[in-house]
>>> print(open('structure_34.cif').read())   # mmCIF, C-alpha atoms
data_structure
loop_
_atom_site.group_PDB
_atom_site.id
_atom_site.type_symbol
_atom_site.label_atom_id
_atom_site.label_comp_id
_atom_site.auth_asym_id
_atom_site.auth_seq_id
_atom_site.Cartn_x
_atom_site.Cartn_y
_atom_site.Cartn_z
ATOM 1 C CA MET A 1 0.000 0.000 0.000
ATOM 2 C CA SER A 2 1.483 3.313 -0.999
ATOM 3 C CA ARG A 3 1.132 6.311 1.261
ATOM 4 C CA VAL A 4 -0.163 9.390 -0.547
ATOM 5 C CA GLY A 5 0.572 12.705 1.173
ATOM 6 C CA LEU A 6 1.289 16.319 0.535
ATOM 7 C CA PRO A 7 4.554 17.208 -1.146
ATOM 8 C CA GLY A 8 7.331 18.342 1.194
ATOM 9 C CA TRP A 9 6.994 22.054 0.476
ATOM 10 C CA ALA A 10 3.229 21.939 1.078
ATOM 11 C CA ARG A 11 3.715 20.136 4.391
ATOM 12 C CA ARG A 12 6.297 22.717 5.473
ATOM 13 C CA LEU A 13 3.950 25.529 4.426
ATOM 14 C CA ALA A 14 1.012 23.973 6.285
ATOM 15 C CA GLY A 15 3.178 23.565 9.375
ATOM 16 C CA SER A 16 4.329 27.179 9.145
ATOM 17 C CA VAL A 17 0.763 28.400 8.726
ATOM 18 C CA LEU A 18 -0.350 26.392 11.767
ATOM 19 C CA VAL A 19 2.484 27.772 13.918
ATOM 20 C CA GLY A 20 1.729 31.289 12.617
ATOM 21 C CA LEU A 21 -1.938 30.797 13.468
ATOM 22 C CA ALA A 22 -1.013 29.715 17.001
ATOM 23 C CA GLN A 23 1.217 32.789 17.465
ATOM 24 C CA GLY A 24 -1.475 35.021 15.986
ATOM 25 C CA ALA A 25 -4.084 33.463 18.254
ATOM 26 C CA ALA A 26 -1.908 34.377 21.255
ATOM 27 C CA TYR A 27 -1.757 38.004 20.031
ATOM 28 C CA TYR A 28 -5.532 37.928 19.466
ATOM 29 C CA VAL A 29 -6.328 36.673 22.971
ATOM 30 C CA VAL A 30 -3.984 39.217 24.597
ATOM 31 C CA ILE A 31 -5.174 42.219 22.574
ATOM 32 C CA VAL A 32 -8.892 41.480 22.340
ATOM 33 C CA TYR A 33 -9.503 39.947 25.774
ATOM 34 C CA LEU A 34 -6.591 40.114 28.230
ATOM 35 C CA ILE A 35 -5.551 43.787 27.993
ATOM 36 C CA PRO A 36 -9.144 45.149 28.112
ATOM 37 C CA TYR A 37 -9.790 42.827 31.086
ATOM 38 C CA LEU A 38 -6.681 44.126 32.897
ATOM 39 C CA TYR A 39 -7.688 47.729 32.218
ATOM 40 C CA ALA A 40 -11.233 47.105 33.497
ATOM 41 C CA SER A 41 -9.819 45.358 36.605
ATOM 42 C CA LEU A 42 -7.574 48.342 37.372
ATOM 43 C CA ALA A 43 -10.489 50.737 36.818
ATOM 44 C CA GLU A 44 -12.541 48.629 39.242
ATOM 45 C CA GLY A 45 -9.624 48.827 41.665
ATOM 46 C CA LEU A 46 -9.931 52.616 41.430
ATOM 47 C CA GLY A 47 -13.614 52.358 42.299
ATOM 48 C CA ALA A 48 -15.326 52.047 38.922
ATOM 49 C CA PRO A 49 -18.422 49.843 39.061
ATOM 50 C CA ALA A 50 -17.887 46.153 38.342
ATOM 51 C CA GLY A 51 -18.832 45.069 34.856
ATOM 52 C CA ALA A 52 -17.068 48.010 33.210
ATOM 53 C CA LEU A 53 -15.599 45.539 30.707
ATOM 54 C CA GLN A 54 -17.258 46.059 27.342
ATOM 55 C CA PRO A 55 -17.469 43.380 24.654
ATOM 56 C CA PRO A 56 -14.657 43.810 22.106
ATOM 57 C CA SER A 57 -15.387 46.364 19.402
ATOM 58 C CA ARG A 58 -15.312 45.420 15.718
ATOM 59 C CA ALA A 59 -12.232 47.594 15.260
ATOM 60 C CA LEU A 60 -10.416 45.700 17.997
ATOM 61 C CA VAL A 61 -11.428 42.325 16.571
ATOM 62 C CA GLY A 62 -10.229 43.565 13.160
ATOM 63 C CA LEU A 63 -6.875 44.609 14.608
ATOM 64 C CA GLY A 64 -6.573 41.238 16.358
ATOM 65 C CA LEU A 65 -7.271 39.404 13.110
ATOM 66 C CA MET A 66 -4.740 41.611 11.318
ATOM 67 C CA LEU A 67 -2.116 40.502 13.851
ATOM 68 C CA VAL A 68 -3.069 36.874 13.158
ATOM 69 C CA GLY A 69 -2.586 37.521 9.434
ATOM 70 C CA ILE A 70 0.801 39.182 9.949
ATOM 71 C CA SER A 71 1.949 36.298 12.168
ATOM 72 C CA VAL A 72 0.916 33.711 9.583
ATOM 73 C CA ALA A 73 2.645 35.674 6.796
ATOM 74 C CA ALA A 74 5.811 36.061 8.911
ATOM 75 C CA ARG A 75 5.911 32.347 9.579
ATOM 76 C CA ALA A 76 5.107 31.323 5.995
ATOM 77 C CA LEU A 77 7.878 33.590 4.657
ATOM 78 C CA ARG A 78 10.509 32.114 6.974
ATOM 79 C CA GLY A 79 13.911 32.321 5.300
ATOM 80 C CA ASN A 80 12.995 35.555 3.557
ATOM 81 C CA VAL A 81 14.071 38.886 5.053
ATOM 82 C CA ALA A 82 10.400 39.926 5.099
ATOM 83 C CA SER A 83 9.741 37.348 7.838
ATOM 84 C CA PRO A 84 11.655 39.069 10.694
ATOM 85 C CA LEU A 85 10.359 42.443 9.514
ATOM 86 C CA LEU A 86 6.775 41.188 9.687
ATOM 87 C CA SER A 87 7.427 39.626 13.115
ATOM 88 C CA GLY A 88 8.768 42.950 14.343
ATOM 89 C CA LEU A 89 5.759 44.738 12.854
ATOM 90 C CA ALA A 90 3.392 42.413 14.746
ATOM 91 C CA VAL A 91 5.242 43.108 18.005
ATOM 92 C CA LEU A 92 5.214 46.875 17.442
ATOM 93 C CA LEU A 93 1.542 46.914 16.459
ATOM 94 C CA SER A 94 0.509 44.795 19.431
ATOM 95 C CA TYR A 95 2.423 47.153 21.748
ATOM 96 C CA ALA A 96 0.869 50.253 20.156
ATOM 97 C CA ILE A 97 -2.617 48.743 20.528
ATOM 98 C CA THR A 98 -1.843 47.859 24.161
ATOM 99 C CA VAL A 99 -0.744 51.432 24.919
ATOM 100 C CA TYR A 100 -3.925 52.735 23.286
ATOM 101 C CA LEU A 101 -6.117 50.286 25.226
ATOM 102 C CA MET A 102 -4.321 51.296 28.448
ATOM 103 C CA GLY A 103 -5.460 54.886 27.969
ATOM 104 C CA GLY A 104 -2.025 56.036 26.814
ATOM 105 C CA GLY A 105 -0.516 54.820 30.087
ATOM 106 C CA THR A 106 -3.046 56.183 32.559
ATOM 107 C CA VAL A 107 -6.110 54.472 33.988
ATOM 108 C CA ARG A 108 -8.578 57.248 34.761
ATOM 109 C CA VAL A 109 -11.929 57.202 36.530
ATOM 110 C CA GLU A 110 -13.765 60.545 36.617
ATOM 111 C CA GLY A 111 -17.003 61.783 38.133
ATOM 112 C CA LEU A 112 -17.672 58.506 39.895
ATOM 113 C CA ARG A 113 -20.535 58.699 42.417
ATOM 114 C CA VAL A 114 -19.895 56.750 45.629
ATOM 115 C CA GLY A 115 -22.759 57.523 48.001
ATOM 116 C CA ASP A 116 -22.737 61.321 48.366
ATOM 117 C CA ALA A 117 -19.119 61.600 47.265
ATOM 118 C CA THR A 118 -17.784 62.377 43.817
ATOM 119 C CA VAL A 119 -14.518 60.579 43.150
ATOM 120 C CA ASP A 120 -11.849 61.212 40.509
ATOM 121 C CA ALA A 121 -8.938 58.802 40.411
ATOM 122 C CA SER A 122 -5.994 58.098 38.147
ATOM 123 C CA LEU A 123 -3.233 55.517 38.080
ATOM 124 C CA ASP A 124 -0.035 55.883 36.059
ATOM 125 C CA LEU A 125 0.961 52.720 34.167
ATOM 126 C CA ASP A 126 4.034 54.139 32.429
ATOM 127 C CA PRO A 127 6.505 51.966 34.410
ATOM 128 C CA LEU A 128 4.721 48.770 33.320
ATOM 129 C CA LEU A 129 4.608 49.923 29.700
ATOM 130 C CA ALA A 130 8.315 50.797 29.877
ATOM 131 C CA VAL A 131 9.141 47.302 31.189
ATOM 132 C CA ALA A 132 7.047 45.781 28.390
ATOM 133 C CA PHE A 133 8.876 47.934 25.836
ATOM 134 C CA VAL A 134 12.326 46.951 27.090
ATOM 135 C CA PHE A 135 11.641 43.245 27.647
ATOM 136 C CA TYR A 136 9.070 42.544 24.934
ATOM 137 C CA VAL A 137 9.234 45.041 22.072
ATOM 138 C CA ILE A 138 13.008 45.413 21.696
ATOM 139 C CA PRO A 139 13.766 41.656 21.870
ATOM 140 C CA GLY A 140 10.672 40.946 19.766
ATOM 141 C CA ILE A 141 12.152 43.042 16.976
ATOM 142 C CA LEU A 142 15.841 42.184 17.353
ATOM 143 C CA ILE A 143 15.689 38.421 17.948
ATOM 144 C CA PRO A 144 13.891 37.487 14.686
ATOM 145 C CA LEU A 145 16.375 39.663 12.773
ATOM 146 C CA ALA A 146 19.311 38.050 14.586
ATOM 147 C CA GLU A 147 17.867 34.599 13.901
ATOM 148 C CA HIS A 148 17.417 35.394 10.235
ATOM 149 C CA PHE A 149 20.948 36.666 9.680
ATOM 150 C CA TYR A 150 22.415 33.911 11.847
ATOM 151 C CA ALA A 151 20.641 31.321 9.698
ATOM 152 C CA LYS A 152 21.853 33.034 6.521
ATOM 153 C CA ALA A 153 25.422 33.057 7.808
ATOM 154 C CA GLU A 154 25.185 29.328 8.623
ATOM 155 C CA GLU A 155 24.059 28.465 5.074
ATOM 156 C CA PRO A 156 26.788 26.831 2.995
ATOM 157 C CA MET B 1 19.464 26.326 13.482
ATOM 158 C CA GLY B 2 18.393 29.514 15.176
ATOM 159 C CA LEU B 3 19.179 30.982 18.532
ATOM 160 C CA PRO B 4 16.808 29.097 20.814
ATOM 161 C CA TRP B 5 18.939 29.676 23.931
ATOM 162 C CA LEU B 6 18.765 33.440 23.400
ATOM 163 C CA LYS B 7 14.993 33.293 23.030
ATOM 164 C CA THR B 8 14.666 31.196 26.175
ATOM 165 C CA VAL B 9 16.864 33.496 28.271
ATOM 166 C CA VAL B 10 15.164 36.669 27.018
ATOM 167 C CA GLY B 11 11.751 35.065 27.493
ATOM 168 C CA LEU B 12 12.506 34.077 31.094
ATOM 169 C CA VAL B 13 13.983 37.479 31.938
ATOM 170 C CA ALA B 14 10.938 39.184 30.372
ATOM 171 C CA LEU B 15 8.566 36.957 32.327
ATOM 172 C CA VAL B 16 10.293 37.741 35.627
ATOM 173 C CA ALA B 17 10.524 41.486 34.871
ATOM 174 C CA VAL B 18 6.887 41.834 33.831
ATOM 175 C CA GLY B 19 5.771 39.660 36.765
ATOM 176 C CA LEU B 20 7.689 41.799 39.265
ATOM 177 C CA ALA B 21 6.382 44.994 37.689
ATOM 178 C CA ALA B 22 2.797 43.767 37.509
ATOM 179 C CA TYR B 23 2.548 42.254 41.015
ATOM 180 C CA PRO B 24 1.833 45.511 42.914
ATOM 181 C CA LEU B 25 -0.756 46.453 40.297
ATOM 182 C CA ALA B 26 -2.449 43.074 40.574
ATOM 183 C CA ALA B 27 -2.583 43.377 44.360
ATOM 184 C CA PHE B 28 -3.989 46.887 44.027
ATOM 185 C CA ALA B 29 -6.609 45.769 41.491
ATOM 186 C CA LEU B 30 -7.730 42.964 43.820
ATOM 187 C CA GLU B 31 -7.899 45.104 46.971
ATOM 188 C CA GLY B 32 -9.131 48.279 45.322
ATOM 189 C CA VAL B 33 -9.456 51.711 46.881
ATOM 190 C CA GLU B 34 -11.440 50.149 49.721
ATOM 191 C CA SER B 35 -8.053 49.564 51.353
ATOM 192 C CA VAL B 36 -7.851 53.355 51.826
ATOM 193 C CA THR B 37 -10.466 54.885 54.127
ATOM 194 C CA VAL B 38 -10.827 58.359 55.587
ATOM 195 C CA GLU B 39 -12.713 59.151 58.772
ATOM 196 C CA SER B 40 -13.350 62.475 60.426
ATOM 197 C CA THR B 41 -13.979 63.379 64.048
ATOM 198 C CA VAL B 42 -14.185 66.615 65.993
ATOM 199 C CA SER B 43 -12.158 66.808 69.170
ATOM 200 C CA GLY B 44 -10.798 69.665 71.227
ATOM 201 C CA GLY B 45 -11.711 72.418 68.787
ATOM 202 C CA ALA B 46 -10.171 70.615 65.837
ATOM 203 C CA ALA B 47 -11.629 68.611 63.004
ATOM 204 C CA VAL B 48 -9.422 65.561 62.678
ATOM 205 C CA PHE B 49 -9.292 63.728 59.356
ATOM 206 C CA THR B 50 -7.545 60.373 59.509
ATOM 207 C CA LEU B 51 -6.504 58.292 56.533
ATOM 208 C CA HIS B 52 -6.278 54.560 57.300
ATOM 209 C CA TYR B 53 -4.491 52.169 54.984
ATOM 210 C CA ASN B 54 -5.221 48.462 55.037
ATOM 211 C CA GLY B 55 -3.689 47.228 51.785
ATOM 212 C CA SER B 56 -0.936 44.646 51.344
ATOM 213 C CA VAL B 57 1.308 46.702 49.046
ATOM 214 C CA THR B 58 3.470 49.425 50.592
ATOM 215 C CA LEU B 59 2.593 52.928 49.476
ATOM 216 C CA LYS B 60 5.415 55.440 49.203
ATOM 217 C CA ASP B 61 5.574 59.235 49.236
ATOM 218 C CA VAL B 62 1.940 59.488 50.272
ATOM 219 C CA ASP B 63 0.403 62.923 50.581
ATOM 220 C CA PHE B 64 -2.969 63.350 52.281
ATOM 221 C CA GLY B 65 -4.656 66.699 51.735
ATOM 222 C CA VAL B 66 -7.959 68.000 53.079
ATOM 223 C CA GLU B 67 -9.795 71.157 52.038
ATOM 224 C CA LEU B 68 -12.984 72.556 53.542
ATOM 225 C CA LEU B 69 -15.016 74.372 50.912
ATOM 226 C CA SER B 70 -17.690 77.026 51.373
ATOM 227 C CA PRO B 71 -21.009 76.754 49.481
ATOM 228 C CA GLN B 72 -19.446 79.099 46.892
ATOM 229 C CA GLY B 73 -16.468 76.770 46.461
ATOM 230 C CA ALA B 74 -13.940 78.963 48.311
ATOM 231 C CA VAL B 75 -11.357 77.180 50.438
ATOM 232 C CA LEU B 76 -12.118 77.921 54.117
ATOM 233 C CA ALA B 77 -9.326 75.808 55.546
ATOM 234 C CA SER B 78 -6.840 73.319 54.222
ATOM 235 C CA GLY B 79 -4.064 71.139 55.433
ATOM 236 C CA HIS B 80 -2.005 68.188 54.397
ATOM 237 C CA ALA B 81 0.329 65.633 55.830
ATOM 238 C CA GLY B 82 2.556 63.036 54.282
ATOM 239 C CA ALA B 83 4.351 59.781 54.895
ATOM 240 C CA ALA B 84 7.415 58.414 53.139
ATOM 241 C CA ARG B 85 6.055 54.865 53.618
ATOM 242 C CA LEU B 86 2.587 53.683 54.464
ATOM 243 C CA GLU B 87 2.037 50.019 55.247
ATOM 244 C CA ARG B 88 -0.947 47.942 56.359
ATOM 245 C CA GLY B 89 -2.443 49.435 59.497
ATOM 246 C CA GLY B 90 -0.732 52.783 58.952
ATOM 247 C CA SER B 91 -2.520 56.097 59.161
ATOM 248 C CA ILE B 92 -2.007 59.805 58.455
ATOM 249 C CA GLU B 93 -3.773 62.568 60.303
ATOM 250 C CA VAL B 94 -4.707 66.105 59.262
ATOM 251 C CA ARG B 95 -6.132 68.611 61.762
ATOM 252 C CA LEU B 96 -8.183 71.633 60.781
ATOM 253 C CA PRO B 97 -9.958 74.260 62.922
ATOM 254 C CA ALA B 98 -13.403 73.024 63.897
ATOM 255 C CA GLN B 99 -15.000 76.440 63.288
ATOM 256 C CA ALA B 100 -14.072 76.164 59.607
ATOM 257 C CA LEU B 101 -15.984 72.902 59.506
ATOM 258 C CA ALA B 102 -19.099 74.681 60.785
ATOM 259 C CA GLY B 103 -19.196 77.014 57.757
ATOM 260 C CA ALA B 104 -18.131 74.424 55.218
ATOM 261 C CA ALA B 105 -20.475 72.872 52.671
ATOM 262 C CA GLU B 106 -18.087 70.311 51.236
ATOM 263 C CA VAL B 107 -14.875 68.569 52.126
ATOM 264 C CA ARG B 108 -12.377 67.670 49.417
ATOM 265 C CA VAL B 109 -9.857 64.945 50.168
ATOM 266 C CA THR B 110 -6.860 64.344 47.915
ATOM 267 C CA ILE B 111 -4.584 61.340 48.269
ATOM 268 C CA THR B 112 -1.509 60.907 46.094
ATOM 269 C CA GLY B 113 1.328 58.435 46.306
ATOM 270 C CA ASP B 114 3.183 55.635 44.597
ATOM 271 C CA ILE B 115 2.048 52.014 44.750
ATOM 272 C CA ALA B 116 5.176 50.078 45.784
ATOM 273 C CA GLY B 117 7.110 53.224 44.884
ATOM 274 C CA ILE B 118 6.440 52.587 41.192
ATOM 275 C CA TYR B 119 2.931 53.463 40.071
ATOM 276 C CA HIS B 120 1.764 56.984 40.843
ATOM 277 C CA PHE B 121 -1.880 57.344 41.825
ATOM 278 C CA ASN B 122 -4.129 60.271 42.571
ATOM 279 C CA ILE B 123 -7.532 60.031 44.246
ATOM 280 C CA THR B 124 -9.740 63.058 44.828
ATOM 281 C CA SER B 125 -13.044 62.771 46.626
ATOM 282 C CA THR B 126 -15.510 65.586 47.251
ATOM 283 C CA GLN B 127 -18.521 65.137 49.491
ATOM 284 C CA PRO B 128 -20.975 67.224 51.519
ATOM 285 C CA VAL B 129 -19.864 67.970 55.073
ATOM 286 C CA GLU B 130 -23.062 66.490 56.535
ATOM 287 C CA ALA B 131 -22.261 63.145 54.961
ATOM 288 C CA SER B 132 -18.552 63.186 55.753
ATOM 289 C CA GLY B 133 -18.804 62.969 59.507
#
>>> encode(input="structure_34.cif", output="structure tokens")
Amino acid sequence: MSRVGLPGWARRLAGSVLVGLAQGAAYYVVIVYLIPYLYASLAEGLGAPAGALQPPSRALVGLGLMLVGISVAARALRGNVASPLLSGLAVLLSYAITVYLMGGGTVRVEGLRVGDATVDASLDLDPLLAVAFVFYVIPGILIPLAEHFYAKAEEP
Amino acid sequence: MGLPWLKTVVGLVALVAVGLAAYPLAAFALEGVESVTVESTVSGGAAVFTLHYNGSVTLKDVDFGVELLSPQGAVLASGHAGAARLERGGSIEVRLPAQALAGAAEVRVTITGDIAGIYHFNITSTQPVEASG
């Protein structure tokens, strides 16, 4: 009995697409669900009523799906210089969206009524965003580039 | 072959750094502003406003300000006090003349500080004097 399967290049492409989809799915979950949940939790910590978390907007879902697409393209183009550039683009975009979703680095609750009191509160998240930039964005851009050129240098 | 060791090291360092940075925020989000309470009493001709802190994360450079406002919004009396560190069970006290309280319509309380010395916060609460006591 002969075993009929996909040709080698198609199998490699399918594998790359699957890995890209998994990476993109991670971006999607973080951007569309995790970051808005964290922001709502911090706002609740400042006194905002529970349930402040809104369902994801269409724009946010669209941005999440765009990140999935970029991740798949980056993975499928592995070996080409476009791959690390696309990976870096996905990292930068996800960070920019995170900063936007985090209110530009400040969680703010204004005009909140608590009994007879009116409460305004703000919380500065710049240190956390700076840590994310140093430990996530910079390596996320540099490591794929380093990997790419390292692999090229190793080629016979 | 890529640089898997570099990815692993950077990934672990990033995880630890983000975890350390996010821990005070997570604790704050769980406890909320309910860990900070302000009570007021009148004793010996002074209105005493006391901030009590009952949270698990140390607050640093805390400033506690109180203003008594007239019905027109003018400041009748104000005062503030601070603490370099404020831990669970700690408190800060501000004393104002009691006669200013008699003519005041509202009391405005402002609390600023840094959660774990990292994340700056600012809370301002304004409420009628009748309800504040």
>>> resolve_selection(input="structure_34.cif", expression="the PyMOL selection byres ((chain A) within 9 of (chain B))", output="number ranges by chain")
A: 38, 41-47, 115-128, 131-132, 134-136, 139, 143, 146-148, 150-151, 154
>>> resolve_selection(input="structure_34.cif", expression="the PyMOL selection byres ((chain B and resi 98) around 9)", output="list of chain:residue names")
B:Val42, B:Ser43, B:Gly44, B:Gly45, B:Ala46, B:Ala47, B:Val48, B:Arg95, B:Leu96, B:Pro97, B:Gln99, B:Ala100, B:Leu101, B:Ala102
>>> residues_around(input="structure_34.cif", residues="segment 20-27 of chain A", least_positions_apart="2", cutoff="8 Å", atoms="all atoms listed in the file", output="count of residues only")
19
>>> closest_residue(input="structure_34.cif", among="A:Gly104, A:Pro56, A:Gly111, A:Gly140", to="Leu92 of chain A", atoms="all atoms listed in the file")
A:Gly140
>>> atom_distance(input="structure_34.cif", atom1="atom CA of Ala130 of chain A", atom2="atom CA of Met102 of chain A")
12.7 Å
>>> build_atoms(input="structure_34.cif", residues="segment 83-113 of chain A", atoms="N, CA and C atoms", output="PDB file, keeping the file's coordinate frame")
ATOM      1  N   SER A  83      10.269  38.049   6.661  1.00  0.00           N
ATOM      2  CA  SER A  83       9.741  37.348   7.838  1.00  0.00           C
ATOM      3  C   SER A  83      10.088  38.060   9.151  1.00  0.00           C
ATOM      4  N   PRO A  84      11.375  38.363   9.433  1.00  0.00           N
ATOM      5  CA  PRO A  84      11.655  39.069  10.694  1.00  0.00           C
ATOM      6  C   PRO A  84      11.057  40.471  10.727  1.00  0.00           C
ATOM      7  N   LEU A  85      10.954  41.095   9.545  1.00  0.00           N
ATOM      8  CA  LEU A  85      10.359  42.443   9.514  1.00  0.00           C
ATOM      9  C   LEU A  85       8.878  42.369   9.878  1.00  0.00           C
ATOM     10  N   LEU A  86       8.203  41.356   9.353  1.00  0.00           N
ATOM     11  CA  LEU A  86       6.775  41.188   9.687  1.00  0.00           C
ATOM     12  C   LEU A  86       6.598  40.818  11.165  1.00  0.00           C
ATOM     13  N   SER A  87       7.496  39.974  11.686  1.00  0.00           N
ATOM     14  CA  SER A  87       7.427  39.626  13.115  1.00  0.00           C
ATOM     15  C   SER A  87       7.579  40.880  13.968  1.00  0.00           C
ATOM     16  N   GLY A  88       8.553  41.704  13.599  1.00  0.00           N
ATOM     17  CA  GLY A  88       8.768  42.950  14.343  1.00  0.00           C
ATOM     18  C   GLY A  88       7.570  43.872  14.240  1.00  0.00           C
ATOM     19  N   LEU A  89       6.953  43.902  13.054  1.00  0.00           N
ATOM     20  CA  LEU A  89       5.759  44.738  12.854  1.00  0.00           C
ATOM     21  C   LEU A  89       4.627  44.267  13.772  1.00  0.00           C
ATOM     22  N   ALA A  90       4.454  42.952  13.875  1.00  0.00           N
ATOM     23  CA  ALA A  90       3.392  42.413  14.746  1.00  0.00           C
ATOM     24  C   ALA A  90       3.642  42.813  16.200  1.00  0.00           C
ATOM     25  N   VAL A  91       4.911  42.737  16.618  1.00  0.00           N
ATOM     26  CA  VAL A  91       5.242  43.108  18.005  1.00  0.00           C
ATOM     27  C   VAL A  91       4.962  44.594  18.239  1.00  0.00           C
ATOM     28  N   LEU A  92       5.418  45.426  17.298  1.00  0.00           N
ATOM     29  CA  LEU A  92       5.214  46.875  17.442  1.00  0.00           C
ATOM     30  C   LEU A  92       3.729  47.225  17.459  1.00  0.00           C
ATOM     31  N   LEU A  93       2.979  46.625  16.521  1.00  0.00           N
ATOM     32  CA  LEU A  93       1.542  46.914  16.459  1.00  0.00           C
ATOM     33  C   LEU A  93       0.836  46.480  17.741  1.00  0.00           C
ATOM     34  N   SER A  94       1.177  45.286  18.221  1.00  0.00           N
ATOM     35  CA  SER A  94       0.509  44.795  19.431  1.00  0.00           C
ATOM     36  C   SER A  94       0.826  45.715  20.610  1.00  0.00           C
ATOM     37  N   TYR A  95       2.060  46.239  20.658  1.00  0.00           N
ATOM     38  CA  TYR A  95       2.423  47.153  21.748  1.00  0.00           C
ATOM     39  C   TYR A  95       1.660  48.472  21.620  1.00  0.00           C
ATOM     40  N   ALA A  96       1.587  48.983  20.369  1.00  0.00           N
ATOM     41  CA  ALA A  96       0.869  50.253  20.156  1.00  0.00           C
ATOM     42  C   ALA A  96      -0.601  50.098  20.543  1.00  0.00           C
ATOM     43  N   ILE A  97      -1.204  48.970  20.183  1.00  0.00           N
ATOM     44  CA  ILE A  97      -2.617  48.743  20.528  1.00  0.00           C
ATOM     45  C   ILE A  97      -2.765  48.643  22.047  1.00  0.00           C
ATOM     46  N   THR A  98      -1.801  47.979  22.693  1.00  0.00           N
ATOM     47  CA  THR A  98      -1.843  47.859  24.161  1.00  0.00           C
ATOM     48  C   THR A  98      -1.786  49.233  24.827  1.00  0.00           C
ATOM     49  N   VAL A  99      -0.864  50.080  24.345  1.00  0.00           N
ATOM     50  CA  VAL A  99      -0.744  51.432  24.919  1.00  0.00           C
ATOM     51  C   VAL A  99      -2.063  52.189  24.730  1.00  0.00           C
ATOM     52  N   TYR A 100      -2.652  52.058  23.552  1.00  0.00           N
ATOM     53  CA  TYR A 100      -3.925  52.735  23.286  1.00  0.00           C
ATOM     54  C   TYR A 100      -5.017  52.213  24.228  1.00  0.00           C
ATOM     55  N   LEU A 101      -5.073  50.886  24.362  1.00  0.00           N
ATOM     56  CA  LEU A 101      -6.117  50.286  25.226  1.00  0.00           C
ATOM     57  C   LEU A 101      -5.889  50.640  26.692  1.00  0.00           C
ATOM     58  N   MET A 102      -4.643  50.921  27.063  1.00  0.00           N
ATOM     59  CA  MET A 102      -4.321  51.296  28.448  1.00  0.00           C
ATOM     60  C   MET A 102      -4.450  52.799  28.658  1.00  0.00           C
ATOM     61  N   GLY A 103      -5.204  53.456  27.809  1.00  0.00           N
ATOM     62  CA  GLY A 103      -5.460  54.886  27.969  1.00  0.00           C
ATOM     63  C   GLY A 103      -4.204  55.723  27.822  1.00  0.00           C
ATOM     64  N   GLY A 104      -3.268  55.286  27.000  1.00  0.00           N
ATOM     65  CA  GLY A 104      -2.025  56.036  26.814  1.00  0.00           C
ATOM     66  C   GLY A 104      -1.099  55.931  28.015  1.00  0.00           C
ATOM     67  N   GLY A 105      -1.389  55.011  28.923  1.00  0.00           N
ATOM     68  CA  GLY A 105      -0.516  54.820  30.087  1.00  0.00           C
ATOM     69  C   GLY A 105      -1.130  55.305  31.387  1.00  0.00           C
ATOM     70  N   THR A 106      -2.388  55.723  31.332  1.00  0.00           N
ATOM     71  CA  THR A 106      -3.046  56.183  32.559  1.00  0.00           C
ATOM     72  C   THR A 106      -4.461  55.616  32.639  1.00  0.00           C
ATOM     73  N   VAL A 107      -4.740  54.905  33.721  1.00  0.00           N
ATOM     74  CA  VAL A 107      -6.110  54.472  33.988  1.00  0.00           C
ATOM     75  C   VAL A 107      -6.799  55.629  34.708  1.00  0.00           C
ATOM     76  N   ARG A 108      -7.932  56.073  34.186  1.00  0.00           N
ATOM     77  CA  ARG A 108      -8.578  57.248  34.761  1.00  0.00           C
ATOM     78  C   ARG A 108     -10.054  56.963  35.016  1.00  0.00           C
ATOM     79  N   VAL A 109     -10.501  57.321  36.192  1.00  0.00           N
ATOM     80  CA  VAL A 109     -11.929  57.202  36.530  1.00  0.00           C
ATOM     81  C   VAL A 109     -12.370  58.586  36.972  1.00  0.00           C
ATOM     82  N   GLU A 110     -13.365  59.165  36.291  1.00  0.00           N
ATOM     83  CA  GLU A 110     -13.765  60.545  36.617  1.00  0.00           C
ATOM     84  C   GLU A 110     -15.253  60.638  36.899  1.00  0.00           C
ATOM     85  N   GLY A 111     -15.593  61.513  37.835  1.00  0.00           N
ATOM     86  CA  GLY A 111     -17.003  61.783  38.133  1.00  0.00           C
ATOM     87  C   GLY A 111     -17.758  60.592  38.690  1.00  0.00           C
ATOM     88  N   LEU A 112     -17.026  59.704  39.355  1.00  0.00           N
ATOM     89  CA  LEU A 112     -17.672  58.506  39.895  1.00  0.00           C
ATOM     90  C   LEU A 112     -18.465  58.869  41.157  1.00  0.00           C
ATOM     91  N   ARG A 113     -19.716  58.420  41.248  1.00  0.00           N
ATOM     92  CA  ARG A 113     -20.535  58.699  42.417  1.00  0.00           C
ATOM     93  C   ARG A 113     -20.439  57.517  43.380  1.00  0.00           C
TER      94      ARG A 113
END
